[in-house]
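Asker: Input run_3.pdb, format and content: PDB, C-alpha atoms, pLDDT in the B column.
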```
ATOM      1  CA  MET A   1     138.439 119.584 147.103  1.00 79.00           C
ATOM      2  CA  SER A   2     138.849 121.166 143.684  1.00 86.00           C
ATOM      3  CA  ARG A   3     136.011 122.683 141.692  1.00 88.00           C
ATOM      4  CA  THR A   4     136.094 119.765 139.268  1.00 90.00           C
ATOM      5  CA  GLN A   5     135.880 117.226 142.071  1.00 88.00           C
ATOM      6  CA  LEU A   6     133.075 119.198 143.711  1.00 87.00           C
ATOM      7  CA  ALA A   7     131.189 119.304 140.398  1.00 87.00           C
ATOM      8  CA  ILE A   8     131.602 115.533 139.961  1.00 89.00           C
ATOM      9  CA  VAL A   9     130.439 114.794 143.521  1.00 87.00           C
ATOM     10  CA  SER A  10     127.448 117.147 143.090  1.00 87.00           C
ATOM     11  CA  PHE A  11     126.546 115.488 139.802  1.00 88.00           C
ATOM     12  CA  LEU A  12     126.743 112.007 141.342  1.00 87.00           C
ATOM     13  CA  LEU A  13     124.633 113.079 144.322  1.00 85.00           C
ATOM     14  CA  GLY A  14     122.093 114.493 141.910  1.00 83.00           C
ATOM     15  CA  LEU A  15     121.986 111.160 140.084  1.00 84.00           C
ATOM     16  CA  LEU A  16     121.319 109.416 143.395  1.00 86.00           C
ATOM     17  CA  VAL A  17     118.753 111.883 144.707  1.00 87.00           C
ATOM     18  CA  LEU A  18     116.701 112.184 141.506  1.00 85.00           C
ATOM     19  CA  PRO A  19     115.454 108.548 141.505  1.00 87.00           C
ATOM     20  CA  VAL A  20     114.559 108.841 145.211  1.00 87.00           C
ATOM     21  CA  VAL A  21     112.508 111.993 144.565  1.00 85.00           C
ATOM     22  CA  VAL A  22     110.765 110.409 141.558  1.00 83.00           C
ATOM     23  CA  TYR A  23     110.005 107.258 143.575  1.00 86.00           C
ATOM     24  CA  ALA A  24     108.587 109.332 146.442  1.00 85.00           C
ATOM     25  CA  TYR A  25     106.412 111.290 143.981  1.00 81.00           C
ATOM     26  CA  PHE A  26     104.906 108.049 142.661  1.00 79.00           C
ATOM     27  CA  ALA A  27     104.817 106.195 146.018  1.00 86.00           C
ATOM     28  CA  PHE A  28     102.810 108.910 147.751  1.00 82.00           C
ATOM     29  CA  GLY A  29     100.130 108.913 145.027  1.00 72.00           C
ATOM     30  CA  LYS A  30     100.860 112.319 143.537  1.00 74.00           C
ATOM     31  CA  PRO A  31     100.689 111.560 139.793  1.00 77.00           C
ATOM     32  CA  PRO A  32      97.359 111.957 137.989  1.00 78.00           C
ATOM     33  CA  VAL A  33      95.848 108.465 137.921  1.00 74.00           C
ATOM     34  CA  ALA A  34      92.104 109.159 138.187  1.00 74.00           C
ATOM     35  CA  VAL A  35      90.154 109.704 134.971  1.00 72.00           C
ATOM     36  CA  ALA A  36      89.121 113.198 136.103  1.00 76.00           C
ATOM     37  CA  ASP A  37      92.731 114.269 136.834  1.00 79.00           C
ATOM     38  CA  THR A  38      94.570 116.692 134.591  1.00 81.00           C
ATOM     39  CA  PRO A  39      96.845 114.670 132.280  1.00 79.00           C
ATOM     40  CA  PHE A  40     100.471 114.164 133.243  1.00 75.00           C
ATOM     41  CA  PRO A  41     102.809 116.540 131.374  1.00 77.00           C
ATOM     42  CA  LEU A  42     103.659 115.067 127.963  1.00 80.00           C
ATOM     43  CA  GLU A  43     101.513 112.004 128.737  1.00 79.00           C
ATOM     44  CA  ASP A  44      99.992 111.865 125.274  1.00 76.00           C
ATOM     45  CA  ARG A  45     103.372 112.119 123.551  1.00 79.00           C
ATOM     46  CA  ILE A  46     105.000 109.567 125.837  1.00 81.00           C
ATOM     47  CA  VAL A  47     102.355 106.997 124.901  1.00 80.00           C
ATOM     48  CA  ARG A  48     101.443 107.949 121.319  1.00 84.00           C
ATOM     49  CA  VAL A  49     104.893 108.191 119.725  1.00 89.00           C
ATOM     50  CA  PRO A  50     105.947 104.576 120.411  1.00 90.00           C
ATOM     51  CA  LEU A  51     102.393 103.314 119.812  1.00 90.00           C
ATOM     52  CA  HIS A  52     102.248 104.783 116.304  1.00 92.00           C
ATOM     53  CA  ALA A  53     105.770 103.593 115.518  1.00 94.00           C
ATOM     54  CA  ARG A  54     104.918 100.026 116.546  1.00 94.00           C
ATOM     55  CA  ILE A  55     101.586  99.960 114.726  1.00 95.00           C
ATOM     56  CA  HIS A  56     103.103 101.223 111.495  1.00 95.00           C
ATOM     57  CA  ARG A  57     105.929  98.693 111.785  1.00 96.00           C
ATOM     58  CA  GLU A  58     103.637  95.688 112.451  1.00 96.00           C
ATOM     59  CA  MET A  59     100.295  96.405 110.760  1.00 96.00           C
ATOM     60  CA  ALA A  60      99.111  94.475 107.722  1.00 96.00           C
ATOM     61  CA  GLN A  61      99.094  96.499 104.529  1.00 95.00           C
ATOM     62  CA  SER A  62      95.800  95.036 103.304  1.00 95.00           C
ATOM     63  CA  ALA A  63      92.921  92.917 104.506  1.00 97.00           C
ATOM     64  CA  PRO A  64      92.875  89.240 103.543  1.00 98.00           C
ATOM     65  CA  ILE A  65      89.074  89.386 103.176  1.00 98.00           C
ATOM     66  CA  GLN A  66      86.844  91.657 101.127  1.00 98.00           C
ATOM     67  CA  PRO A  67      84.232  94.150 102.425  1.00 97.00           C
ATOM     68  CA  THR A  68      81.321  92.031 101.169  1.00 98.00           C
ATOM     69  CA  ASP A  69      77.824  92.459 102.576  1.00 98.00           C
ATOM     70  CA  GLU A  70      78.320  89.199 104.490  1.00 98.00           C
ATOM     71  CA  ASN A  71      81.570  90.402 106.096  1.00 98.00           C
ATOM     72  CA  LEU A  72      80.213  93.885 106.863  1.00 98.00           C
ATOM     73  CA  ASN A  73      77.043  92.436 108.425  1.00 98.00           C
ATOM     74  CA  ALA A  74      79.156  90.054 110.513  1.00 98.00           C
ATOM     75  CA  GLY A  75      81.397  92.981 111.493  1.00 98.00           C
ATOM     76  CA  ALA A  76      78.341  94.976 112.596  1.00 98.00           C
ATOM     77  CA  GLY A  77      77.212  92.103 114.812  1.00 98.00           C
ATOM     78  CA  ILE A  78      80.668  91.899 116.378  1.00 98.00           C
ATOM     79  CA  TYR A  79      80.700  95.672 116.836  1.00 98.00           C
ATOM     80  CA  GLU A  80      77.304  95.544 118.565  1.00 97.00           C
ATOM     81  CA  ASP A  81      78.481  92.756 120.873  1.00 97.00           C
ATOM     82  CA  LYS A  82      82.029  93.891 121.704  1.00 97.00           C
ATOM     83  CA  CYS A  83      82.515  97.564 120.780  1.00 97.00           C
ATOM     84  CA  GLU A  84      79.268  99.510 121.085  1.00 97.00           C
ATOM     85  CA  VAL A  85      79.368  99.716 124.881  1.00 97.00           C
ATOM     86  CA  CYS A  86      82.439 101.992 124.736  1.00 97.00           C
ATOM     87  CA  HIS A  87      82.236 103.493 121.231  1.00 97.00           C
ATOM     88  CA  GLY A  88      78.480 103.984 120.734  1.00 95.00           C
ATOM     89  CA  VAL A  89      76.541 103.917 117.464  1.00 95.00           C
ATOM     90  CA  THR A  90      75.482 106.561 114.966  1.00 94.00           C
ATOM     91  CA  GLY A  91      73.755 109.363 116.854  1.00 92.00           C
ATOM     92  CA  GLU A  92      74.136 107.650 120.249  1.00 93.00           C
ATOM     93  CA  PRO A  93      77.461 108.179 121.989  1.00 93.00           C
ATOM     94  CA  SER A  94      78.393 105.738 124.713  1.00 94.00           C
ATOM     95  CA  GLY A  95      77.840 106.823 128.286  1.00 91.00           C
ATOM     96  CA  ILE A  96      80.828 104.752 129.373  1.00 94.00           C
ATOM     97  CA  GLY A  97      83.206 105.810 126.586  1.00 94.00           C
ATOM     98  CA  GLY A  98      82.769 109.474 127.409  1.00 91.00           C
ATOM     99  CA  LYS A  99      83.884 108.862 130.982  1.00 92.00           C
ATOM    100  CA  MET A 100      87.096 107.051 130.052  1.00 91.00           C
ATOM    101  CA  PHE A 101      90.546 108.631 129.886  1.00 86.00           C
ATOM    102  CA  PRO A 102      91.410 109.099 127.253  1.00 87.00           C
ATOM    103  CA  ARG A 103      87.843 109.268 126.017  1.00 91.00           C
ATOM    104  CA  ALA A 104      86.879 106.326 123.793  1.00 95.00           C
ATOM    105  CA  PRO A 105      86.366 107.682 120.273  1.00 95.00           C
ATOM    106  CA  GLU A 106      82.903 107.557 118.763  1.00 96.00           C
ATOM    107  CA  LEU A 107      83.492 105.318 115.764  1.00 96.00           C
ATOM    108  CA  PHE A 108      80.316 106.270 113.881  1.00 96.00           C
ATOM    109  CA  ALA A 109      80.471 110.037 114.456  1.00 94.00           C
ATOM    110  CA  LYS A 110      82.293 112.796 112.606  1.00 93.00           C
ATOM    111  CA  HIS A 111      85.303 114.366 114.291  1.00 90.00           C
ATOM    112  CA  GLY A 112      88.166 116.643 113.377  1.00 82.00           C
ATOM    113  CA  HIS A 113      87.980 117.455 109.687  1.00 84.00           C
ATOM    114  CA  GLY A 114      84.668 115.703 109.063  1.00 88.00           C
ATOM    115  CA  VAL A 115      86.156 112.216 109.283  1.00 94.00           C
ATOM    116  CA  VAL A 116      83.838 109.508 110.617  1.00 95.00           C
ATOM    117  CA  GLY A 117      85.479 107.438 113.347  1.00 95.00           C
ATOM    118  CA  VAL A 118      88.629 105.751 112.085  1.00 96.00           C
ATOM    119  CA  SER A 119      87.505 105.559 108.457  1.00 96.00           C
ATOM    120  CA  ASP A 120      90.593 107.529 107.431  1.00 95.00           C
ATOM    121  CA  ASP A 121      92.983 105.037 109.080  1.00 96.00           C
ATOM    122  CA  PRO A 122      94.416 102.134 107.109  1.00 97.00           C
ATOM    123  CA  VAL A 123      92.350  99.017 107.813  1.00 98.00           C
ATOM    124  CA  GLY A 124      95.525  97.240 108.956  1.00 98.00           C
ATOM    125  CA  GLU A 125      95.978  99.859 111.682  1.00 97.00           C
ATOM    126  CA  THR A 126      92.446  99.293 112.967  1.00 98.00           C
ATOM    127  CA  PHE A 127      93.016  95.526 112.867  1.00 98.00           C
ATOM    128  CA  TRP A 128      96.220  95.939 114.927  1.00 97.00           C
ATOM    129  CA  LYS A 129      94.440  98.072 117.543  1.00 97.00           C
ATOM    130  CA  VAL A 130      91.500  95.672 117.885  1.00 98.00           C
ATOM    131  CA  LYS A 131      93.740  92.607 118.029  1.00 97.00           C
ATOM    132  CA  ASN A 132      96.399  93.973 120.401  1.00 96.00           C
ATOM    133  CA  GLY A 133      94.546  96.645 122.383  1.00 95.00           C
ATOM    134  CA  ILE A 134      96.185  99.861 123.552  1.00 92.00           C
ATOM    135  CA  ARG A 135      97.735 100.139 126.993  1.00 85.00           C
ATOM    136  CA  LEU A 136      96.668 102.976 129.268  1.00 82.00           C
ATOM    137  CA  THR A 137      93.480 103.655 127.269  1.00 87.00           C
ATOM    138  CA  GLY A 138      90.949 101.024 128.270  1.00 90.00           C
ATOM    139  CA  MET A 139      91.076  99.492 124.768  1.00 94.00           C
ATOM    140  CA  PRO A 140      91.298  95.732 125.382  1.00 95.00           C
ATOM    141  CA  ALA A 141      93.046  93.224 123.158  1.00 96.00           C
ATOM    142  CA  PHE A 142      90.536  90.997 121.379  1.00 97.00           C
ATOM    143  CA  ASP A 143      93.072  88.460 120.092  1.00 95.00           C
ATOM    144  CA  LYS A 144      91.792  85.816 122.550  1.00 96.00           C
ATOM    145  CA  ALA A 145      88.091  86.713 122.229  1.00 97.00           C
ATOM    146  CA  LEU A 146      87.793  86.980 118.438  1.00 98.00           C
ATOM    147  CA  SER A 147      89.311  85.126 115.494  1.00 98.00           C
ATOM    148  CA  ASP A 148      91.477  87.035 113.008  1.00 98.00           C
ATOM    149  CA  THR A 149      88.600  86.812 110.508  1.00 98.00           C
ATOM    150  CA  GLN A 150      86.214  88.399 113.008  1.00 98.00           C
ATOM    151  CA  ILE A 151      88.736  91.153 113.771  1.00 98.00           C
ATOM    152  CA  TRP A 152      89.083  91.810 110.020  1.00 98.00           C
ATOM    153  CA  GLN A 153      85.286  91.923 109.671  1.00 98.00           C
ATOM    154  CA  VAL A 154      84.877  94.598 112.345  1.00 98.00           C
ATOM    155  CA  SER A 155      87.945  96.456 111.044  1.00 98.00           C
ATOM    156  CA  LEU A 156      86.492  96.532 107.520  1.00 98.00           C
ATOM    157  CA  LEU A 157      83.194  97.779 108.933  1.00 98.00           C
ATOM    158  CA  LEU A 158      84.970 100.633 110.747  1.00 98.00           C
ATOM    159  CA  SER A 159      86.999 101.501 107.655  1.00 97.00           C
ATOM    160  CA  ARG A 160      83.680 102.077 105.859  1.00 97.00           C
ATOM    161  CA  ALA A 161      81.900 104.008 108.637  1.00 96.00           C
ATOM    162  CA  ASP A 162      81.787 107.042 106.335  1.00 95.00           C
ATOM    163  CA  LYS A 163      80.091 105.127 103.513  1.00 95.00           C
ATOM    164  CA  PRO A 164      76.643 103.573 103.114  1.00 95.00           C
ATOM    165  CA  LEU A 165      76.596 100.086 104.613  1.00 97.00           C
ATOM    166  CA  PRO A 166      74.428  97.072 103.755  1.00 97.00           C
ATOM    167  CA  ALA A 167      70.942  97.444 105.266  1.00 96.00           C
ATOM    168  CA  GLU A 168      71.496  94.903 108.063  1.00 97.00           C
ATOM    169  CA  ALA A 169      74.839  96.419 109.122  1.00 96.00           C
ATOM    170  CA  ALA A 170      73.453  99.974 108.841  1.00 96.00           C
ATOM    171  CA  LYS A 171      70.532  99.106 111.108  1.00 96.00           C
ATOM    172  CA  THR A 172      72.856  97.488 113.674  1.00 96.00           C
ATOM    173  CA  VAL A 173      75.107 100.552 113.935  1.00 96.00           C
ATOM    174  CA  GLY A 174      72.274 103.090 113.792  1.00 93.00           C
ATOM    175  CA  GLN A 175      72.791 104.394 110.258  1.00 87.00           C
ATOM    176  CA  THR A 176      69.653 105.378 108.395  1.00 76.00           C
ATOM    177  CA  HIS A 177      69.316 105.219 104.645  1.00 55.00           C
TER
END
```
Would it be possible to restate this file's structure as structure tokens?
Answerer:
Amino acid sequence: MSRTQLAIVSFLLGLLVLPVVVYAYFAFGKPPVAVADTPFPLEDRIVRVPLHARIHREMAQSAPIQPTDENLNAGAGIYEDKCEVCHGVTGEPSGIGGKMFPRAPELFAKHGHGVVGVSDDPVGETFWKVKNGIRLTGMPAFDKALSDTQIWQVSLLLSRADKPLPAEAAKTVGQTH
């Protein structure tokens, strides 16, 4: 057998063996699947790159409703009912959200460069995340549980988490005036 033929046969064997090794790795429970496990190499990139690309391709550029007191108060009620358990309120992080992987962000707390929650994200991005959920994060899709108007109300509330809210909404999410 010539060197070229040997190289081709070796390459083909490698192509056959690699999927078997990968399957065995997964089948015998070796990858990190528990919340306390160290993340899989490049896990964040593997999930985040296509997620951000899809969101930016599909998200609405503006909200069809305005951030009126009525809408913000309604959004706060929805937040209290559907979101608070994982994301907490001002000054009270969630006990559950901190144990998730990845950790559920505190949406009424400062992070990074002093940004509160997702108030620096376009409201259409927040709407997309609430409506569709995010795989592999614990973030459920609320498209069957909430109307689009309700999703916009909570999205508008979160977009204003860094600003004073109407008294009723502020009280619901733990903001003090």
Asker: Using all atoms listed in the file, what residues lie at most 10 Å away from (80.9, 91.1, 106.9) (file coordinates), given as a ChimeraX atom specification?
Answerer: /A:65-78,149-150,152-157,166,169
Asker: So the first atom is CA of Leu136 (chain A) and the second is CA of His52 (chain A); what is the distance between them in Å, to one decimal place?
Answerer: 14.2 Å
Asker: Report the residues retrieved by the PyMOL selection byres ((chain A and resi 89) around 12) from the displayed file, expressed as a PDB file with C-alpha atoms, in the frame of the given file.
Answerer:
```
ATOM      1  CA  ALA A  76      78.341  94.976 112.596  1.00 98.00           C
ATOM      2  CA  TYR A  79      80.700  95.672 116.836  1.00 98.00           C
ATOM      3  CA  GLU A  80      77.304  95.544 118.565  1.00 97.00           C
ATOM      4  CA  ASP A  81      78.481  92.756 120.873  1.00 97.00           C
ATOM      5  CA  CYS A  83      82.515  97.564 120.780  1.00 97.00           C
ATOM      6  CA  GLU A  84      79.268  99.510 121.085  1.00 97.00           C
ATOM      7  CA  VAL A  85      79.368  99.716 124.881  1.00 97.00           C
ATOM      8  CA  CYS A  86      82.439 101.992 124.736  1.00 97.00           C
ATOM      9  CA  HIS A  87      82.236 103.493 121.231  1.00 97.00           C
ATOM     10  CA  GLY A  88      78.480 103.984 120.734  1.00 95.00           C
ATOM     11  CA  THR A  90      75.482 106.561 114.966  1.00 94.00           C
ATOM     12  CA  GLY A  91      73.755 109.363 116.854  1.00 92.00           C
ATOM     13  CA  GLU A  92      74.136 107.650 120.249  1.00 93.00           C
ATOM     14  CA  PRO A  93      77.461 108.179 121.989  1.00 93.00           C
ATOM     15  CA  SER A  94      78.393 105.738 124.713  1.00 94.00           C
ATOM     16  CA  GLY A  95      77.840 106.823 128.286  1.00 91.00           C
ATOM     17  CA  GLY A  97      83.206 105.810 126.586  1.00 94.00           C
ATOM     18  CA  PRO A 105      86.366 107.682 120.273  1.00 95.00           C
ATOM     19  CA  GLU A 106      82.903 107.557 118.763  1.00 96.00           C
ATOM     20  CA  LEU A 107      83.492 105.318 115.764  1.00 96.00           C
ATOM     21  CA  PHE A 108      80.316 106.270 113.881  1.00 96.00           C
ATOM     22  CA  ALA A 109      80.471 110.037 114.456  1.00 94.00           C
ATOM     23  CA  LYS A 110      82.293 112.796 112.606  1.00 93.00           C
ATOM     24  CA  VAL A 116      83.838 109.508 110.617  1.00 95.00           C
ATOM     25  CA  GLY A 117      85.479 107.438 113.347  1.00 95.00           C
ATOM     26  CA  LEU A 158      84.970 100.633 110.747  1.00 98.00           C
ATOM     27  CA  ALA A 161      81.900 104.008 108.637  1.00 96.00           C
ATOM     28  CA  ALA A 169      74.839  96.419 109.122  1.00 96.00           C
ATOM     29  CA  ALA A 170      73.453  99.974 108.841  1.00 96.00           C
ATOM     30  CA  LYS A 171      70.532  99.106 111.108  1.00 96.00           C
ATOM     31  CA  THR A 172      72.856  97.488 113.674  1.00 96.00           C
ATOM     32  CA  VAL A 173      75.107 100.552 113.935  1.00 96.00           C
ATOM     33  CA  GLY A 174      72.274 103.090 113.792  1.00 93.00           C
ATOM     34  CA  GLN A 175      72.791 104.394 110.258  1.00 87.00           C
ATOM     35  CA  THR A 176      69.653 105.378 108.395  1.00 76.00           C
TER      36      THR A 176
END
```
Asker: Output as JSON the centre and edge lengths (Å, one decimal) of the box along x, y and z of the file that holds every listed atom of region 157-163 of chain A after adding 8 Å on each side.
Answerer:
```
{"center_x": 83.5, "center_y": 102.4, "center_z": 107.1, "size_x": 22.9, "size_y": 25.3, "size_z": 23.2}
```
Asker: When the PyMOL selection byres ((chain A and resi 59) around 6) is applied to the file above, which residues end up in the set, as number ranges by chain?
Answerer: A: 55-56, 58, 60, 124-125, 128
Asker: Report as a ChimeraX atom specification the residues that result from applying the PyMOL selection byres ((chain A and resi 40-48) around 10) to the structure here.
Answerer: /A:31-33,37-39,49-54,102,134-137
Asker: Which residue is closest to Ala145 (chain A)? Choose from A:Ala34, A:Val130, A:Met1, A:Val21 and count only C-alpha atoms.
Answerer: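 Comparing A:Ala34, A:Val130, A:Met1, A:Val21 against Ala145 (chain A), the winner is A:Val130.
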Asker: Find the distance between CA of Phe127 (chain A) and CA of Ile151 (chain A) and write it in Å to one decimal.
Answerer: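 CA of Ile151 (chain A) lies at a distance of 6.2 Å from CA of Phe127 (chain A).
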Asker: Between CA of Val123 (chain A) and CA of Pro164 (chain A), what distance in Å does the model show, to one decimal?
Answerer: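 Taking CA of Val123 (chain A) and CA of Pro164 (chain A), their separation equals 17.0 Å.
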Asker: With all atoms listed in the file as the atoms that count, which of A:Leu13, A:Val22, A:Lys144, A:Ser159 lies nearest to Asp121 (chain A)?
Answerer: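 So, comparing all the options, the nearest one is A:Ser159.
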Asker: Taking all atoms listed in the file into account, which of A:Gly98, A:Gly138, A:Gly133, A:Pro19 comes nearest Ala36 (chain A)?
Answerer: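 Closest to Ala36 (chain A) of all the choices is A:Gly98.
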Asker: Start from the incomplete input, build all heavy atoms for region 6-16 of chain A, and deliver everything as a PDB file, in the frame of the given file.
Answerer:
```
ATOM      1  N   LEU A   6     134.342 118.783 143.123  1.00 87.00           N
ATOM      2  CA  LEU A   6     133.075 119.198 143.711  1.00 87.00           C
ATOM      3  C   LEU A   6     131.932 119.058 142.693  1.00 87.00           C
ATOM      4  O   LEU A   6     130.835 118.588 143.028  1.00 87.00           O
ATOM      5  CB  LEU A   6     133.174 120.642 144.215  1.00 87.00           C
ATOM      6  CG  LEU A   6     131.967 121.167 144.974  1.00 87.00           C
ATOM      7  CD1 LEU A   6     131.676 120.307 146.195  1.00 87.00           C
ATOM      8  CD2 LEU A   6     132.202 122.601 145.394  1.00 87.00           C
ATOM      9  N   ALA A   7     132.194 119.413 141.453  1.00 87.00           N
ATOM     10  CA  ALA A   7     131.189 119.304 140.398  1.00 87.00           C
ATOM     11  C   ALA A   7     130.840 117.833 140.165  1.00 87.00           C
ATOM     12  O   ALA A   7     129.660 117.480 140.013  1.00 87.00           O
ATOM     13  CB  ALA A   7     131.691 119.942 139.107  1.00 87.00           C
ATOM     14  N   ILE A   8     131.832 116.960 140.176  1.00 89.00           N
ATOM     15  CA  ILE A   8     131.602 115.533 139.961  1.00 89.00           C
ATOM     16  C   ILE A   8     130.791 114.949 141.117  1.00 89.00           C
ATOM     17  O   ILE A   8     129.821 114.213 140.910  1.00 89.00           O
ATOM     18  CB  ILE A   8     132.937 114.781 139.758  1.00 89.00           C
ATOM     19  CG1 ILE A   8     133.558 115.188 138.421  1.00 89.00           C
ATOM     20  CG2 ILE A   8     132.726 113.272 139.814  1.00 89.00           C
ATOM     21  CD1 ILE A   8     134.965 114.672 138.197  1.00 89.00           C
ATOM     22  N   VAL A   9     131.158 115.286 142.350  1.00 87.00           N
ATOM     23  CA  VAL A   9     130.439 114.794 143.521  1.00 87.00           C
ATOM     24  C   VAL A   9     129.000 115.312 143.500  1.00 87.00           C
ATOM     25  O   VAL A   9     128.048 114.560 143.763  1.00 87.00           O
ATOM     26  CB  VAL A   9     131.169 115.197 144.827  1.00 87.00           C
ATOM     27  CG1 VAL A   9     130.293 114.944 146.038  1.00 87.00           C
ATOM     28  CG2 VAL A   9     132.495 114.453 144.949  1.00 87.00           C
ATOM     29  N   SER A  10     128.794 116.567 143.171  1.00 87.00           N
ATOM     30  CA  SER A  10     127.448 117.147 143.090  1.00 87.00           C
ATOM     31  C   SER A  10     126.616 116.441 142.025  1.00 87.00           C
ATOM     32  O   SER A  10     125.445 116.125 142.234  1.00 87.00           O
ATOM     33  CB  SER A  10     127.509 118.635 142.778  1.00 87.00           C
ATOM     34  OG  SER A  10     128.149 119.329 143.802  1.00 87.00           O
ATOM     35  N   PHE A  11     127.237 116.183 140.893  1.00 88.00           N
ATOM     36  CA  PHE A  11     126.546 115.488 139.802  1.00 88.00           C
ATOM     37  C   PHE A  11     126.130 114.081 140.239  1.00 88.00           C
ATOM     38  O   PHE A  11     124.994 113.664 140.022  1.00 88.00           O
ATOM     39  CB  PHE A  11     127.458 115.424 138.567  1.00 88.00           C
ATOM     40  CG  PHE A  11     126.857 114.665 137.426  1.00 88.00           C
ATOM     41  CD1 PHE A  11     125.846 115.207 136.648  1.00 88.00           C
ATOM     42  CD2 PHE A  11     127.300 113.381 137.113  1.00 88.00           C
ATOM     43  CE1 PHE A  11     125.284 114.510 135.597  1.00 88.00           C
ATOM     44  CE2 PHE A  11     126.738 112.665 136.066  1.00 88.00           C
ATOM     45  CZ  PHE A  11     125.730 113.236 135.303  1.00 88.00           C
ATOM     46  N   LEU A  12     127.042 113.361 140.878  1.00 87.00           N
ATOM     47  CA  LEU A  12     126.743 112.007 141.342  1.00 87.00           C
ATOM     48  C   LEU A  12     125.655 112.004 142.410  1.00 87.00           C
ATOM     49  O   LEU A  12     124.769 111.141 142.400  1.00 87.00           O
ATOM     50  CB  LEU A  12     128.008 111.316 141.852  1.00 87.00           C
ATOM     51  CG  LEU A  12     129.063 111.005 140.782  1.00 87.00           C
ATOM     52  CD1 LEU A  12     130.327 110.442 141.417  1.00 87.00           C
ATOM     53  CD2 LEU A  12     128.506 110.051 139.744  1.00 87.00           C
ATOM     54  N   LEU A  13     125.696 112.968 143.316  1.00 85.00           N
ATOM     55  CA  LEU A  13     124.633 113.079 144.322  1.00 85.00           C
ATOM     56  C   LEU A  13     123.280 113.354 143.658  1.00 85.00           C
ATOM     57  O   LEU A  13     122.255 112.803 144.059  1.00 85.00           O
ATOM     58  CB  LEU A  13     124.961 114.166 145.342  1.00 85.00           C
ATOM     59  CG  LEU A  13     125.956 113.781 146.432  1.00 85.00           C
ATOM     60  CD1 LEU A  13     126.294 114.997 147.298  1.00 85.00           C
ATOM     61  CD2 LEU A  13     125.398 112.672 147.299  1.00 85.00           C
ATOM     62  N   GLY A  14     123.314 114.198 142.662  1.00 83.00           N
ATOM     63  CA  GLY A  14     122.093 114.493 141.910  1.00 83.00           C
ATOM     64  C   GLY A  14     121.531 113.246 141.253  1.00 83.00           C
ATOM     65  O   GLY A  14     120.324 113.022 141.239  1.00 83.00           O
ATOM     66  N   LEU A  15     122.424 112.411 140.699  1.00 84.00           N
ATOM     67  CA  LEU A  15     121.986 111.160 140.084  1.00 84.00           C
ATOM     68  C   LEU A  15     121.378 110.210 141.108  1.00 84.00           C
ATOM     69  O   LEU A  15     120.481 109.442 140.792  1.00 84.00           O
ATOM     70  CB  LEU A  15     123.159 110.462 139.383  1.00 84.00           C
ATOM     71  CG  LEU A  15     123.628 111.075 138.066  1.00 84.00           C
ATOM     72  CD1 LEU A  15     124.819 110.302 137.512  1.00 84.00           C
ATOM     73  CD2 LEU A  15     122.510 111.114 137.045  1.00 84.00           C
ATOM     74  N   LEU A  16     121.857 110.268 142.340  1.00 86.00           N
ATOM     75  CA  LEU A  16     121.319 109.416 143.395  1.00 86.00           C
ATOM     76  C   LEU A  16     120.010 109.962 143.962  1.00 86.00           C
ATOM     77  O   LEU A  16     119.088 109.215 144.266  1.00 86.00           O
ATOM     78  CB  LEU A  16     122.338 109.253 144.531  1.00 86.00           C
ATOM     79  CG  LEU A  16     123.617 108.480 144.177  1.00 86.00           C
ATOM     80  CD1 LEU A  16     124.589 108.531 145.343  1.00 86.00           C
ATOM     81  CD2 LEU A  16     123.288 107.048 143.810  1.00 86.00           C
TER      82      LEU A  16
END
```
